[in-house]
Number of protein chains: 2
Amino acid sequence: MARQATAAGAASKRSKAGATAASDPVKRDQILAAATRVFLASGYGGTSMDAIAEAAGVSKQTVYSHFGGKDALFGAIVRKKCGQLLEPLRMPPQTPRSPGGDPQTVLSGVAQRFLELILAAENMAHYRAVVAESRRFPELAEAFYRSGPEIVVDNLARYLKTMDREGVLAVAEPKPAARLFFAMLRGDLYIRRLLGLGPAPAQADMRRAVRQVVRVFLAAHAAGKSQRG
Amino acid sequence: MARQATAAGAASKRSKAGATAASDPVKRDQILAAATRVFLASGYGGTSMDAIAEAAGVSKQTVYSHFGGKDALFGAIVRKKCGQLLEPLRMPPQTPRSPGGDPQTVLSGVAQRFLELILAAENMAHYRAVVAESRRFPELAEAFYRSGPEIVVDNLARYLKTMDREGVLAVAEPKPAARLFFAMLRGDLYIRRLLGLGPAPAQADMRRAVRQVVRVFLAAHAAGKSQRG
DNA sequence: GTCTATAAAAGGATAGAC
DNA sequence: GTCTATCCTTTTATAGAC
């Protein structure tokens, strides 16, 4: 567990405040990267600390020095990936105003980027691991939900609210509508990949899915209607 | 117990040809039931054969006699649950013709039953296990897909095709439309339960979700439109 | 701070009595 | 056919040299 306590009369190690056990950031990143690869490839139960140490090119003891144990290491890699989840979506300058373009264009862009994101192999593996261990690590499941699904819904809901106010779309309940929009994108392509069935979908498949979703969504929320969802 | 055997000259057990290893169906069901509980509660990696034997009230050797090993046992319980997946949906007499009622009623019924099905705790755990081990057991993932998602889509697509032909709905591509319908139902309620967040959804939540999905779906496929999805 | 070597425990699978 | 007892590998975690 690495504790400095016990005989600490007063500041035994004055240099570099924290870092009681290990501090080399290079080794730490090596371990983190290797652990990510192995954990996401084989799952929590299927991964041994030996495998991680070997993949990282360090000794097992070094892994234990940097992270307390298997649970903590798994938590660290899952949390890190949670933090990076939506990075690809922040590429476009994300200006809060001037969304640029008609709703169909905007929604298609959002859908396309979201679909690519959730279909990426690394993110699929991450989701698989979080779901699989959601009982053992409930706090990781919650961190994931808040880092991904919740944020994209909030962002889209804000946009939909604006469109409704401007009379461009009819969206009485922005958040449920946004949730439905993303649910539609987690369709057959997604489930099949999650189960590891068939090859990765072609760009054409993804574009077809995006078109279908946007079409249905817009049909339900055309301006002038008084829909609630 | 207590058998004199050993000295049996000829045809010690002429009765019951097969059954080289084990045959007691009661014990077998005990093991299967216990294994289902433990595997679905703790996952493949988190479950030990000792735990299964104890939960079943038999010795570990008996477990090995009935099923070859851990992998085979896991496969057996997953396959069995795959076969039972859609049983609740077959309750209504499932007459191939005369679906009875307007599309909104029919679709609402389908949606309600499907939502209850996928939100049931046992089915959630089953899905979690299949997804988690889809790398180690690809054939189980495929069996699941064919036992559940594929069948419900085919059934709904057939109905939609009929409605399209009768001019009640406008569904140019029944299967993609059916896939989208069920994707919409795997929405926020579903994801949150899959991640173990919050309590089980109330009936009111489910009905609200069903209403939203059916409303959006019907808006997109109202008769007279020439939608493709 | 990192490595080598080892302790301590758990888990999958099997042998042999009855 | 089922149980008890055991084998042996794997795995988590730690101790001690440098």
# chains A, B, ... in the order shown; residues from 1 in each chain; ligands from 1
call {"tool": "residues_around", "arguments": {"residues": "range 9-13 of chain D", "least_positions_apart": "5", "cutoff": "9 Å", "atoms": "only C-alpha atoms (C1' of nucleotides)", "output": "list in words"}}
result
Ser48, Met49, Asp50, Gln61, Tyr64, Gly69 and Lys70 of chain A; DA7, DA8, DA9, DA10, DG11 and DG12 of chain C
call {"tool": "write_last_selection", "arguments": {"atoms": "C-alpha atoms (C1' of nucleotides)", "output": "short mmCIF file (atom, residue, chain, number, x, y, z; two decimals), in the first residue's frame"}}
result
data_model
loop_
_atom_site.label_atom_id
_atom_site.label_comp_id
_atom_site.auth_asym_id
_atom_site.auth_seq_id
_atom_site.Cartn_x
_atom_site.Cartn_y
_atom_site.Cartn_z
CA SER A 48 -1.71 -11.25 -15.06
CA MET A 49 0.70 -8.82 -13.52
CA ASP A 50 3.52 -10.85 -15.05
CA GLN A 61 8.16 -5.18 -8.60
CA TYR A 64 3.82 -2.74 -7.87
CA GLY A 69 -1.70 -3.60 -7.15
CA LYS A 70 -3.80 -5.06 -9.89
"C1'" DA C 7 6.86 -16.61 -0.37
"C1'" DA C 8 1.98 -17.57 0.05
"C1'" DA C 9 -2.32 -18.45 -1.77
"C1'" DA C 10 -5.79 -19.78 -5.16
"C1'" DG C 11 -7.49 -22.21 -8.80
"C1'" DG C 12 -8.01 -25.89 -12.45
#
call {"tool": "atom_distance", "arguments": {"atom1": "CA of Tyr190 in chain A", "atom2": "CA of Gly43 in chain B"}}
result
22.3 Å
call {"tool": "closest_atom_pairs", "arguments": {"of": "range 73-160 of chain A", "to": "range 109-124 of chain B", "cutoff": "12 Å", "atoms": "only C-alpha atoms", "output": "tab-separated table"}}
result
residue	atom	partner	partner_atom	distance
A:Val131	CA	B:Met124	CA	10.4
A:Ala132	CA	B:Met124	CA	10.9
A:Ser134	CA	B:Met124	CA	11.7
A:Arg135	CA	B:Met124	CA	12.0
call {"tool": "write_last_selection", "arguments": {"atoms": "all heavy atoms", "output": "CSV table (one decimal), in the first residue's frame"}}
result
chain,number,residue,atom,x,y,z
A,131,VAL,N,-18.0,-2.6,-18.8
A,131,VAL,CA,-19.2,-3.3,-18.6
A,131,VAL,C,-19.0,-4.6,-17.9
A,131,VAL,O,-19.7,-5.0,-16.9
A,131,VAL,CB,-19.9,-3.6,-20.0
A,131,VAL,CG1,-21.0,-4.6,-19.8
A,131,VAL,CG2,-20.4,-2.3,-20.5
A,132,ALA,N,-17.9,-5.3,-18.3
A,132,ALA,CA,-17.6,-6.6,-17.7
A,132,ALA,C,-17.3,-6.5,-16.2
A,132,ALA,O,-17.7,-7.3,-15.4
A,132,ALA,CB,-16.5,-7.2,-18.4
A,134,SER,N,-18.3,-4.0,-14.2
A,134,SER,CA,-19.1,-3.0,-13.5
A,134,SER,C,-19.6,-3.4,-12.2
A,134,SER,O,-19.9,-2.5,-11.3
A,134,SER,CB,-20.3,-2.6,-14.4
A,134,SER,OG,-21.1,-3.8,-14.6
A,135,ARG,N,-19.6,-4.7,-11.9
A,135,ARG,CA,-19.9,-5.1,-10.6
A,135,ARG,C,-18.8,-5.0,-9.6
A,135,ARG,O,-18.9,-4.5,-8.5
A,135,ARG,CB,-20.4,-6.6,-10.6
A,135,ARG,CG,-21.8,-6.8,-11.1
A,135,ARG,CD,-22.6,-7.6,-10.1
A,135,ARG,NE,-24.0,-7.6,-10.5
A,135,ARG,CZ,-24.5,-8.4,-11.5
A,135,ARG,NH1,-23.7,-9.2,-12.2
A,135,ARG,NH2,-25.8,-8.4,-11.7
call {"tool": "interface_residues", "arguments": {"of": "chain A", "to": "chain C", "cutoff": "10 Å", "atoms": "only C-alpha atoms (C1' of nucleotides)", "output": "number ranges by chain"}}
result
A: 21-24, 58-62, 65
call {"tool": "residues_around", "arguments": {"residues": "range 163-168 of chain B", "least_positions_apart": "6", "cutoff": "9 Å", "atoms": "only C-alpha atoms (C1' of nucleotides)", "output": "PDB file with all heavy atoms, in the first residue's frame"}}
result
ATOM      1  N   ASP B 102     -53.915  -1.536 -34.637  1.00  0.00           N
ATOM      2  CA  ASP B 102     -53.211  -0.567 -35.473  1.00  0.00           C
ATOM      3  C   ASP B 102     -51.717  -0.625 -35.158  1.00  0.00           C
ATOM      4  O   ASP B 102     -51.321  -1.118 -34.095  1.00  0.00           O
ATOM      5  CB  ASP B 102     -53.758   0.836 -35.208  1.00  0.00           C
ATOM      6  CG  ASP B 102     -53.614   1.223 -33.763  1.00  0.00           C
ATOM      7  OD1 ASP B 102     -54.009   0.412 -32.881  1.00  0.00           O
ATOM      8  OD2 ASP B 102     -53.089   2.312 -33.499  1.00  0.00           O
ATOM      9  N   PRO B 103     -50.889  -0.116 -36.070  1.00  0.00           N
ATOM     10  CA  PRO B 103     -49.429  -0.187 -35.885  1.00  0.00           C
ATOM     11  C   PRO B 103     -48.966   0.397 -34.556  1.00  0.00           C
ATOM     12  O   PRO B 103     -48.070  -0.165 -33.915  1.00  0.00           O
ATOM     13  CB  PRO B 103     -48.902   0.628 -37.060  1.00  0.00           C
ATOM     14  CG  PRO B 103     -49.932   0.481 -38.116  1.00  0.00           C
ATOM     15  CD  PRO B 103     -51.247   0.417 -37.387  1.00  0.00           C
ATOM     16  N   PRO B 174     -37.326  -2.819 -44.700  1.00  0.00           N
ATOM     17  CA  PRO B 174     -37.837  -3.327 -43.418  1.00  0.00           C
ATOM     18  C   PRO B 174     -36.755  -3.681 -42.408  1.00  0.00           C
ATOM     19  O   PRO B 174     -36.868  -3.342 -41.232  1.00  0.00           O
ATOM     20  CB  PRO B 174     -38.631  -4.579 -43.830  1.00  0.00           C
ATOM     21  CG  PRO B 174     -38.968  -4.363 -45.255  1.00  0.00           C
ATOM     22  CD  PRO B 174     -37.828  -3.593 -45.847  1.00  0.00           C
ATOM     23  N   ALA B 222     -44.664   7.328 -41.502  1.00  0.00           N
ATOM     24  CA  ALA B 222     -46.082   7.561 -41.778  1.00  0.00           C
ATOM     25  C   ALA B 222     -46.399   7.212 -43.223  1.00  0.00           C
ATOM     26  O   ALA B 222     -45.592   7.454 -44.120  1.00  0.00           O
ATOM     27  CB  ALA B 222     -46.424   9.022 -41.496  1.00  0.00           C
ATOM     28  N   ALA B 223     -47.545   6.632 -43.446  1.00  0.00           N
ATOM     29  CA  ALA B 223     -47.931   6.248 -44.810  1.00  0.00           C
ATOM     30  C   ALA B 223     -47.934   7.482 -45.699  1.00  0.00           C
ATOM     31  O   ALA B 223     -48.339   8.575 -45.288  1.00  0.00           O
ATOM     32  CB  ALA B 223     -49.313   5.607 -44.795  1.00  0.00           C
ATOM     33  N   GLY B 224     -47.471   7.308 -46.925  1.00  0.00           N
ATOM     34  CA  GLY B 224     -47.434   8.422 -47.856  1.00  0.00           C
ATOM     35  C   GLY B 224     -46.029   8.965 -48.044  1.00  0.00           C
ATOM     36  O   GLY B 224     -45.685   9.499 -49.080  1.00  0.00           O
TER      37      GLY B 224
END
call {"tool": "closest_atom_pairs", "arguments": {"of": "chain D", "to": "chain B", "cutoff": "8 Å", "atoms": "only C-alpha atoms (C1' of nucleotides)", "output": "tab-separated table"}}
result
residue	atom	partner	partner_atom	distance
D:DG1	C1'	B:Ala22	CA	6.4
D:DT2	C1'	B:Thr62	CA	6.3
D:DC3	C1'	B:Ser59	CA	6.4
call {"tool": "closest_atom_pairs", "arguments": {"of": "chain A", "to": "chain B", "cutoff": "6 Å", "atoms": "only C-alpha atoms", "output": "Markdown table"}}
result
| residue | atom | partner | partner_atom | distance |
| --- | --- | --- | --- | --- |
| A:Gly45 | CA | B:Gly45 | CA | 4.6 |
| A:Arg128 | CA | B:Ala132 | CA | 5.8 |
| A:Val131 | CA | B:Leu195 | CA | 5.7 |
| A:Ala132 | CA | B:Ala132 | CA | 5.2 |
| A:Ser134 | CA | B:Leu195 | CA | 5.6 |
| A:Ala141 | CA | B:Leu195 | CA | 5.5 |
| A:Ala183 | CA | B:Gly187 | CA | 4.9 |
| A:Met184 | CA | B:Met184 | CA | 5.0 |
| A:Gly187 | CA | B:Ala183 | CA | 4.9 |
| A:Leu195 | CA | B:Ala141 | CA | 5.6 |
| A:Gln212 | CA | B:Gly229 | CA | 5.4 |
| A:Val216 | CA | B:Ala220 | CA | 5.2 |
| A:Ala219 | CA | B:Ala220 | CA | 5.2 |
| A:Ala220 | CA | B:Val216 | CA | 5.2 |
| A:Gly229 | CA | B:Gln212 | CA | 5.4 |
call {"tool": "atom_distance", "arguments": {"atom1": "CA of Tyr159 in chain A", "atom2": "CA of Glu87 in chain A"}}
result
19.1 Å
call {"tool": "decode", "arguments": {"residues": "chain C", "atoms": "N, CA, C and O atoms (P, O5', C5', C4', C3', O3' and C1' of nucleotides)", "output": "compact mmCIF listing (two decimals), in the first residue's frame"}}
result
# COMPACT_ATOMS: atom_id res chain seq x y z
P DG C 1 13.04 7.33 -5.81
O5' DG C 1 12.78 6.09 -6.78
C5' DG C 1 13.20 6.39 -8.10
C4' DG C 1 13.76 5.14 -8.69
C3' DG C 1 12.67 4.13 -9.11
O3' DG C 1 12.95 3.78 -10.44
C1' DG C 1 14.35 3.05 -7.84
P DT C 2 11.94 3.08 -11.34
O5' DT C 2 12.61 1.67 -11.61
C5' DT C 2 13.95 1.63 -12.11
C4' DT C 2 14.55 0.28 -11.83
C3' DT C 2 13.64 -0.90 -12.16
O3' DT C 2 14.17 -1.61 -13.27
C1' DT C 2 14.80 -1.22 -10.11
P DC C 3 13.38 -2.84 -13.84
O5' DC C 3 14.20 -4.07 -13.24
C5' DC C 3 15.56 -4.27 -13.62
C4' DC C 3 16.23 -5.28 -12.70
C3' DC C 3 15.61 -6.67 -12.77
O3' DC C 3 16.48 -7.60 -13.40
C1' DC C 3 15.94 -5.94 -10.49
P DT C 4 15.90 -9.07 -13.65
O5' DT C 4 16.29 -9.86 -12.32
C5' DT C 4 17.66 -9.92 -11.88
C4' DT C 4 17.77 -10.84 -10.68
C3' DT C 4 17.16 -12.24 -10.88
O3' DT C 4 17.99 -13.21 -10.24
C1' DT C 4 16.11 -11.17 -9.06
P DA C 5 17.56 -14.75 -10.27
O5' DA C 5 16.83 -14.95 -8.86
C5' DA C 5 17.48 -14.53 -7.65
C4' DA C 5 16.57 -14.84 -6.47
C3' DA C 5 15.89 -16.22 -6.52
O3' DA C 5 16.01 -16.86 -5.26
C1' DA C 5 14.27 -14.52 -6.25
P DT C 6 15.36 -18.34 -5.02
O5' DT C 6 14.14 -17.98 -4.09
C5' DT C 6 14.27 -16.88 -3.17
C4' DT C 6 12.94 -16.62 -2.49
C3' DT C 6 12.08 -17.87 -2.26
O3' DT C 6 11.55 -17.81 -0.95
C1' DT C 6 10.81 -16.23 -3.34
P DA C 7 11.07 -19.12 -0.21
O5' DA C 7 9.81 -18.61 0.60
C5' DA C 7 9.88 -17.35 1.29
C4' DA C 7 8.51 -16.68 1.26
C3' DA C 7 7.37 -17.59 1.72
O3' DA C 7 6.57 -16.88 2.67
C1' DA C 7 6.86 -16.61 -0.37
P DA C 8 5.72 -17.65 3.71
O5' DA C 8 4.28 -17.47 3.07
C5' DA C 8 3.88 -16.18 2.62
C4' DA C 8 2.55 -16.28 1.90
C3' DA C 8 1.66 -17.44 2.37
O3' DA C 8 0.34 -16.95 2.49
C1' DA C 8 1.98 -17.57 0.05
P DA C 9 -0.78 -17.81 3.20
O5' DA C 9 -1.92 -17.83 2.09
C5' DA C 9 -2.12 -16.63 1.31
C4' DA C 9 -2.68 -16.99 -0.03
C3' DA C 9 -3.86 -17.96 -0.02
O3' DA C 9 -5.01 -17.26 -0.44
C1' DA C 9 -2.32 -18.45 -1.77
P DA C 10 -6.42 -17.99 -0.34
O5' DA C 10 -6.73 -18.19 -1.89
C5' DA C 10 -6.23 -17.23 -2.82
C4' DA C 10 -6.44 -17.74 -4.23
C3' DA C 10 -7.70 -18.59 -4.40
O3' DA C 10 -8.38 -18.17 -5.56
C1' DA C 10 -5.79 -19.78 -5.16
P DG C 11 -9.84 -18.84 -5.87
O5' DG C 11 -9.60 -19.59 -7.24
C5' DG C 11 -8.73 -18.99 -8.20
C4' DG C 11 -8.32 -20.05 -9.19
C3' DG C 11 -9.45 -21.05 -9.49
O3' DG C 11 -9.60 -21.21 -10.88
C1' DG C 11 -7.49 -22.21 -8.80
P DG C 12 -10.89 -22.00 -11.43
O5' DG C 12 -10.20 -23.15 -12.29
C5' DG C 12 -9.26 -22.77 -13.28
C4' DG C 12 -8.50 -24.00 -13.75
C3' DG C 12 -9.40 -25.14 -14.22
O3' DG C 12 -8.88 -25.70 -15.43
C1' DG C 12 -8.01 -25.89 -12.45
P DA C 13 -9.78 -26.79 -16.16
O5' DA C 13 -9.22 -28.15 -15.58
C5' DA C 13 -7.84 -28.46 -15.79
C4' DA C 13 -7.46 -29.65 -14.94
C3' DA C 13 -8.30 -30.92 -15.16
O3' DA C 13 -7.48 -31.92 -15.75
C1' DA C 13 -7.83 -30.52 -12.85
P DT C 14 -8.11 -33.34 -16.10
O5' DT C 14 -7.59 -34.24 -14.89
C5' DT C 14 -6.22 -34.17 -14.51
C4' DT C 14 -5.95 -35.08 -13.33
C3' DT C 14 -6.53 -36.50 -13.43
O3' DT C 14 -5.51 -37.43 -13.10
C1' DT C 14 -7.12 -35.53 -11.37
P DA C 15 -5.75 -38.98 -13.39
O5' DA C 15 -5.54 -39.59 -11.93
C5' DA C 15 -4.56 -39.03 -11.04
C4' DA C 15 -4.56 -39.78 -9.72
C3' DA C 15 -4.97 -41.25 -9.80
O3' DA C 15 -4.26 -42.00 -8.80
C1' DA C 15 -6.54 -40.07 -8.49
P DG C 16 -4.36 -43.57 -8.78
O5' DG C 16 -5.36 -43.82 -7.56
C5' DG C 16 -5.08 -43.25 -6.29
C4' DG C 16 -6.24 -43.48 -5.33
C3' DG C 16 -6.84 -44.90 -5.37
O3' DG C 16 -7.16 -45.29 -4.04
C1' DG C 16 -8.52 -43.34 -5.75
P DA C 17 -7.66 -46.79 -3.74
O5' DA C 17 -8.82 -46.57 -2.68
C5' DA C 17 -8.56 -45.78 -1.50
C4' DA C 17 -9.88 -45.32 -0.91
C3' DA C 17 -10.87 -46.44 -0.57
O3' DA C 17 -11.53 -46.14 0.66
C1' DA C 17 -11.87 -44.96 -2.12
P DC C 18 -12.32 -47.27 1.41
O5' DC C 18 -13.79 -47.18 0.86
C5' DC C 18 -14.60 -46.05 1.16
C4' DC C 18 -15.90 -46.14 0.39
C3' DC C 18 -16.55 -47.53 0.38
O3' DC C 18 -17.85 -47.47 0.94
C1' DC C 18 -16.56 -46.56 -1.77
